[in-house]
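Structure data follow from entry-v5.cif (mmCIF, C-alpha atoms):
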data_run
#
loop_
_atom_site.group_PDB
_atom_site.id
_atom_site.type_symbol
_atom_site.label_atom_id
_atom_site.label_comp_id
_atom_site.auth_asym_id
_atom_site.auth_seq_id
_atom_site.Cartn_x
_atom_site.Cartn_y
_atom_site.Cartn_z
ATOM 1 C CA MET T 1 72.654 124.533 134.902
ATOM 2 C CA HIS T 2 69.522 124.648 132.766
ATOM 3 C CA VAL T 3 66.081 126.062 133.418
ATOM 4 C CA THR T 4 63.874 123.226 134.653
ATOM 5 C CA LEU T 5 60.729 122.100 132.882
ATOM 6 C CA ALA T 6 58.709 123.150 135.936
ATOM 7 C CA ASP T 7 60.219 126.662 135.780
ATOM 8 C CA ALA T 8 59.670 126.833 132.019
ATOM 9 C CA GLU T 9 56.017 125.925 132.485
ATOM 10 C CA ARG T 10 55.598 128.536 135.254
ATOM 11 C CA ALA T 11 57.217 131.168 133.033
ATOM 12 C CA ILE T 12 54.903 130.329 130.138
ATOM 13 C CA GLU T 13 51.834 130.448 132.362
ATOM 14 C CA ALA T 14 52.781 133.852 133.801
ATOM 15 C CA ALA T 15 53.548 135.194 130.324
ATOM 16 C CA ARG T 16 50.290 133.803 128.935
ATOM 17 C CA LYS T 17 48.347 135.455 131.749
ATOM 18 C CA ARG T 18 49.970 138.841 131.030
ATOM 19 C CA ALA T 19 49.258 138.500 127.303
ATOM 20 C CA LYS T 20 45.586 137.886 128.098
ATOM 21 C CA GLU T 21 45.560 140.991 130.337
ATOM 22 C CA LEU T 22 46.943 142.987 127.410
ATOM 23 C CA GLY T 23 44.322 141.517 125.079
ATOM 24 C CA THR T 24 46.809 139.924 122.723
ATOM 25 C CA GLU T 25 47.734 136.445 121.501
ATOM 26 C CA MET T 26 51.398 135.480 121.694
ATOM 27 C CA CYS T 27 53.943 132.802 120.984
ATOM 28 C CA ILE T 28 56.113 132.136 124.042
ATOM 29 C CA ALA T 29 59.376 130.182 123.874
ATOM 30 C CA ILE T 30 61.695 129.067 126.670
ATOM 31 C CA VAL T 31 65.208 127.862 125.868
ATOM 32 C CA ASP T 32 67.758 126.341 128.220
ATOM 33 C CA SER T 33 71.249 127.727 128.781
ATOM 34 C CA GLY T 34 72.463 125.922 125.658
ATOM 35 C CA ALA T 35 69.767 127.659 123.540
ATOM 36 C CA ASN T 36 67.814 124.426 123.110
ATOM 37 C CA LEU T 37 64.026 124.737 123.097
ATOM 38 C CA LYS T 38 62.711 123.646 126.506
ATOM 39 C CA ALA T 39 59.038 124.653 126.243
ATOM 40 C CA PHE T 40 56.798 126.484 123.802
ATOM 41 C CA HIS T 41 53.238 127.782 123.805
ATOM 42 C CA ARG T 42 51.298 129.306 120.938
ATOM 43 C CA MET T 43 48.087 130.978 122.030
ATOM 44 C CA ASP T 44 45.117 130.096 119.809
ATOM 45 C CA ASP T 45 45.123 133.121 117.514
ATOM 46 C CA ALA T 46 48.829 133.988 117.641
ATOM 47 C CA TRP T 47 50.431 134.606 114.265
ATOM 48 C CA VAL T 48 52.210 131.649 112.714
ATOM 49 C CA GLY T 49 55.124 133.945 111.810
ATOM 50 C CA SER T 50 55.618 134.684 115.506
ATOM 51 C CA ILE T 51 56.660 131.087 116.214
ATOM 52 C CA ASP T 52 60.117 131.513 114.663
ATOM 53 C CA ILE T 53 60.515 135.028 116.048
ATOM 54 C CA ALA T 54 59.759 133.965 119.648
ATOM 55 C CA ILE T 55 62.245 131.098 119.463
ATOM 56 C CA LYS T 56 64.943 133.314 117.912
ATOM 57 C CA LYS T 57 64.373 136.032 120.535
ATOM 58 C CA ALA T 58 64.936 133.466 123.296
ATOM 59 C CA LYS T 59 68.051 132.107 121.584
ATOM 60 C CA THR T 60 69.432 135.599 121.000
ATOM 61 C CA ALA T 61 68.942 136.525 124.671
ATOM 62 C CA VAL T 62 70.717 133.395 125.909
ATOM 63 C CA PHE T 63 73.536 133.564 123.334
ATOM 64 C CA PHE T 64 74.560 137.022 124.533
ATOM 65 C CA GLY T 65 73.175 137.108 128.091
ATOM 66 C CA MET T 66 71.249 140.317 127.549
ATOM 67 C CA PRO T 67 67.809 141.513 126.480
ATOM 68 C CA THR T 68 67.234 141.473 122.740
ATOM 69 C CA GLY T 69 66.266 145.153 122.823
ATOM 70 C CA GLN T 70 69.681 146.004 124.250
ATOM 71 C CA ILE T 71 71.366 144.100 121.434
ATOM 72 C CA GLY T 72 69.158 146.008 119.021
ATOM 73 C CA LYS T 73 70.483 149.332 120.274
ATOM 74 C CA LEU T 74 74.062 148.117 119.772
ATOM 75 C CA SER T 75 73.374 146.726 116.301
ATOM 76 C CA GLN T 76 72.234 149.939 114.621
ATOM 77 C CA PRO T 77 74.329 151.307 111.730
ATOM 78 C CA GLY T 78 77.586 152.564 113.209
ATOM 79 C CA GLY T 79 77.030 150.548 116.393
ATOM 80 C CA SER T 80 79.525 148.109 117.824
ATOM 81 C CA LEU T 81 77.333 145.106 116.916
ATOM 82 C CA PHE T 82 76.122 146.283 113.506
ATOM 83 C CA GLY T 83 75.218 143.234 111.394
ATOM 84 C CA ILE T 84 75.094 140.768 114.298
ATOM 85 C CA GLU T 85 71.565 139.704 113.368
ATOM 86 C CA HIS T 86 73.064 137.788 110.435
ATOM 87 C CA SER T 87 75.049 135.472 112.727
ATOM 88 C CA ASN T 88 73.932 132.257 114.434
ATOM 89 C CA ASP T 89 71.397 131.372 111.704
ATOM 90 C CA GLY T 90 69.602 134.661 112.327
ATOM 91 C CA LEU T 91 69.085 136.665 115.486
ATOM 92 C CA ILE T 92 66.252 138.947 116.547
ATOM 93 C CA THR T 93 67.441 142.298 117.849
ATOM 94 C CA PHE T 94 64.255 144.005 118.985
ATOM 95 C CA PRO T 95 62.519 143.694 122.401
ATOM 96 C CA GLY T 96 60.789 140.541 123.588
ATOM 97 C CA GLY T 97 63.709 138.269 124.479
ATOM 98 C CA LEU T 98 65.139 138.150 128.006
ATOM 99 C CA PRO T 99 67.709 136.002 129.803
ATOM 100 C CA ILE T 100 66.519 133.921 132.757
ATOM 101 C CA VAL T 101 68.979 134.218 135.640
ATOM 102 C CA ASP T 102 68.596 132.236 138.880
ATOM 103 C CA LYS T 103 69.055 133.567 142.429
ATOM 104 C CA GLU T 104 72.777 132.693 142.321
ATOM 105 C CA GLY T 105 73.244 134.868 139.241
ATOM 106 C CA VAL T 106 73.581 131.926 136.834
ATOM 107 C CA LEU T 107 72.114 132.137 133.331
ATOM 108 C CA THR T 108 69.760 129.142 133.114
ATOM 109 C CA GLY T 109 67.886 129.987 129.924
ATOM 110 C CA ALA T 110 65.833 132.663 128.230
ATOM 111 C CA ILE T 111 62.323 133.588 127.203
ATOM 112 C CA GLY T 112 61.256 134.890 123.820
ATOM 113 C CA VAL T 113 57.836 136.395 123.140
ATOM 114 C CA SER T 114 56.305 137.503 119.848
ATOM 115 C CA GLY T 115 52.867 138.434 118.610
ATOM 116 C CA SER T 116 52.179 142.077 119.369
ATOM 117 C CA SER T 117 53.998 145.391 119.612
ATOM 118 C CA VAL T 118 57.566 145.167 120.884
ATOM 119 C CA GLU T 119 56.404 146.989 124.026
ATOM 120 C CA ASN T 120 53.818 144.275 124.696
ATOM 121 C CA ASP T 121 56.276 141.522 123.780
ATOM 122 C CA HIS T 122 58.736 142.924 126.335
ATOM 123 C CA ALA T 123 56.051 143.277 129.033
ATOM 124 C CA VAL T 124 54.928 139.679 128.522
ATOM 125 C CA ALA T 125 58.539 138.434 128.610
ATOM 126 C CA LEU T 126 59.127 140.316 131.886
ATOM 127 C CA ALA T 127 56.016 138.701 133.353
ATOM 128 C CA GLY T 128 57.307 135.291 132.306
ATOM 129 C CA VAL T 129 60.702 135.757 133.927
ATOM 130 C CA ALA T 130 59.325 137.111 137.232
ATOM 131 C CA PRO T 131 58.213 133.820 138.847
ATOM 132 C CA VAL T 132 61.433 131.959 137.986
ATOM 133 C CA GLY T 133 64.278 134.469 138.341
ATOM 134 C CA VAL T 134 65.494 137.796 137.040
ATOM 135 C CA CYS T 135 66.685 138.968 133.639
ATOM 136 C CA ASP T 136 69.924 140.701 134.623
ATOM 137 C CA LEU T 137 73.263 138.927 134.845
ATOM 138 C CA PRO T 138 75.866 140.092 137.360
ATOM 139 C CA ALA T 139 78.295 142.649 135.977
ATOM 140 C CA HIS T 140 81.081 141.305 133.764
ATOM 141 C CA PRO T 141 84.239 143.199 132.775
ATOM 142 C CA TRP T 142 83.282 143.037 129.080
ATOM 143 C CA ARG T 143 79.806 144.459 129.583
ATOM 144 C CA THR T 144 79.058 148.175 129.649
#

Have the structure of the file written as structure tokens, please.
Amino acid sequence: MHVTLADAERAIEAARKRAKELGTEMCIAIVDSGANLKAFHRMDDAWVGSIDIAIKKAKTAVFFGMPTGQIGKLSQPGGSLFGIEHSNDGLITFPGGLPIVDKEGVLTGAIGVSGSSVENDHAVALAGVAPVGVCDLPAHPWRT
């Protein structure tokens, strides 16, 4: 199952609203469960470089079913995922990308946000997920 266009638009609107509250301009990307771009919004003064980063954060979150910040912790030198950012045509391993999980616990897509500090990117991504689902998948045997 994929995130619907209506849900993607609601997520973008909620994320955009939170970015405005934080006084920042962001790029916000929603991908479906196959990591295909479903919807995108670039606020008027958002950095052009944030376009690619937002999309890659969303793809990274859906590829691995976890927040990009969590992958970042695992990909530090000596970590179990060291070097992973070089796979899949480039991943982003710092906060701002979150899975979108429906009420049945199914991964339907992901959101990626870029344009400010990673703390703000994460806060805006959380706001985007809130009206359409959650960002945590049910426990799997291979996840710690």

Identify all residues satisfying the PyMOL selection byres ((chain T and resi 55-61) around 6) in the given file; provide them as number ranges by chain.
T: 29, 35, 52-54, 62-68, 91-92, 97-99, 110-112

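Atom to atom, atom CA of Glu21 of chain T and atom CA of Gly72 of chain T stand 26.6 Å apart.
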
Which one of T:Val48, T:Val3, T:Val129, T:Leu74 sits closest to Asn36 of chain T if you count all atoms listed in the file?
T:Val3

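The coordinates place atom CA of Ala46 of chain T at 4.7 Å from atom CA of Glu25 of chain T.
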
Using the chain letters and numbers from the file, give me the residues hit by the PyMOL selection byres ((chain T and resi 38-42) around 6), as a PDB file with C-alpha atoms, in the coordinates of the input.
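Below is the file that was written, result-v5.pdb:
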ATOM      1  CA  CYS T  27      53.943 132.802 120.984  1.00  0.00           C
ATOM      2  CA  ILE T  28      56.113 132.136 124.042  1.00  0.00           C
ATOM      3  CA  ALA T  29      59.376 130.182 123.874  1.00  0.00           C
ATOM      4  CA  ILE T  30      61.695 129.067 126.670  1.00  0.00           C
ATOM      5  CA  VAL T  31      65.208 127.862 125.868  1.00  0.00           C
ATOM      6  CA  ASP T  32      67.758 126.341 128.220  1.00  0.00           C
ATOM      7  CA  LEU T  37      64.026 124.737 123.097  1.00  0.00           C
ATOM      8  CA  MET T  43      48.087 130.978 122.030  1.00  0.00           C
TER       9      MET T  43
END

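From atom CA of Asp89 of chain T back to atom CA of Ala8 of chain T, the distance works out to 23.9 Å.
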
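Distance check against Ser116 of chain T using only C-alpha atoms: of T:Gly34, T:Asp136, T:Ile84, T:Leu22, the minimum falls on T:Leu22.
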
Selection result for the PyMOL selection byres ((chain T and resi 15) around 8) on this file, as a ChimeraX atom specification:
/T:11-14,16-19,28,124-128

Give the answer as one residue: which of T:Leu137, T:Ala6, T:Met26, T:Ile71 has the shortest atom-to-atom distance to Glu104 of chain T, using all atoms listed in the file?
T:Leu137

Spatial neighbours of His2 of chain T, max dist 7 Å, all atoms listed in the file, sep filter under 2 positions, as a PyMOL selection string
chain T and resi 4+32-33+108-109

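Shortest separation to Val132 of chain T among T:Leu81, T:Leu107, T:Val118, T:Val113 occurs at residue T:Leu107, atoms counted being all atoms listed in the file.
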
Padding 5 Å on every side, please: axis-aligned box over the listed atoms of segment 36-39 of chain T, centre and edge lengths to one decimal in Å, as lines of an AutoDock Vina configuration file.
center_x = 63.4
center_y = 124.2
center_z = 124.8
size_x = 18.8
size_y = 11.1
size_z = 13.4

Counting all atoms listed in the file, figure out which residue out of T:Lys103, T:Lys73, T:Lys20, T:His86 gets nearest to Cys135 of chain T.
T:Lys103

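Proximity to Ser50 of chain T was assessed for T:Gln70, T:Ser114, T:Thr93, T:Ser80 counting all atoms listed in the file; the smallest distance is recorded for T:Ser114.
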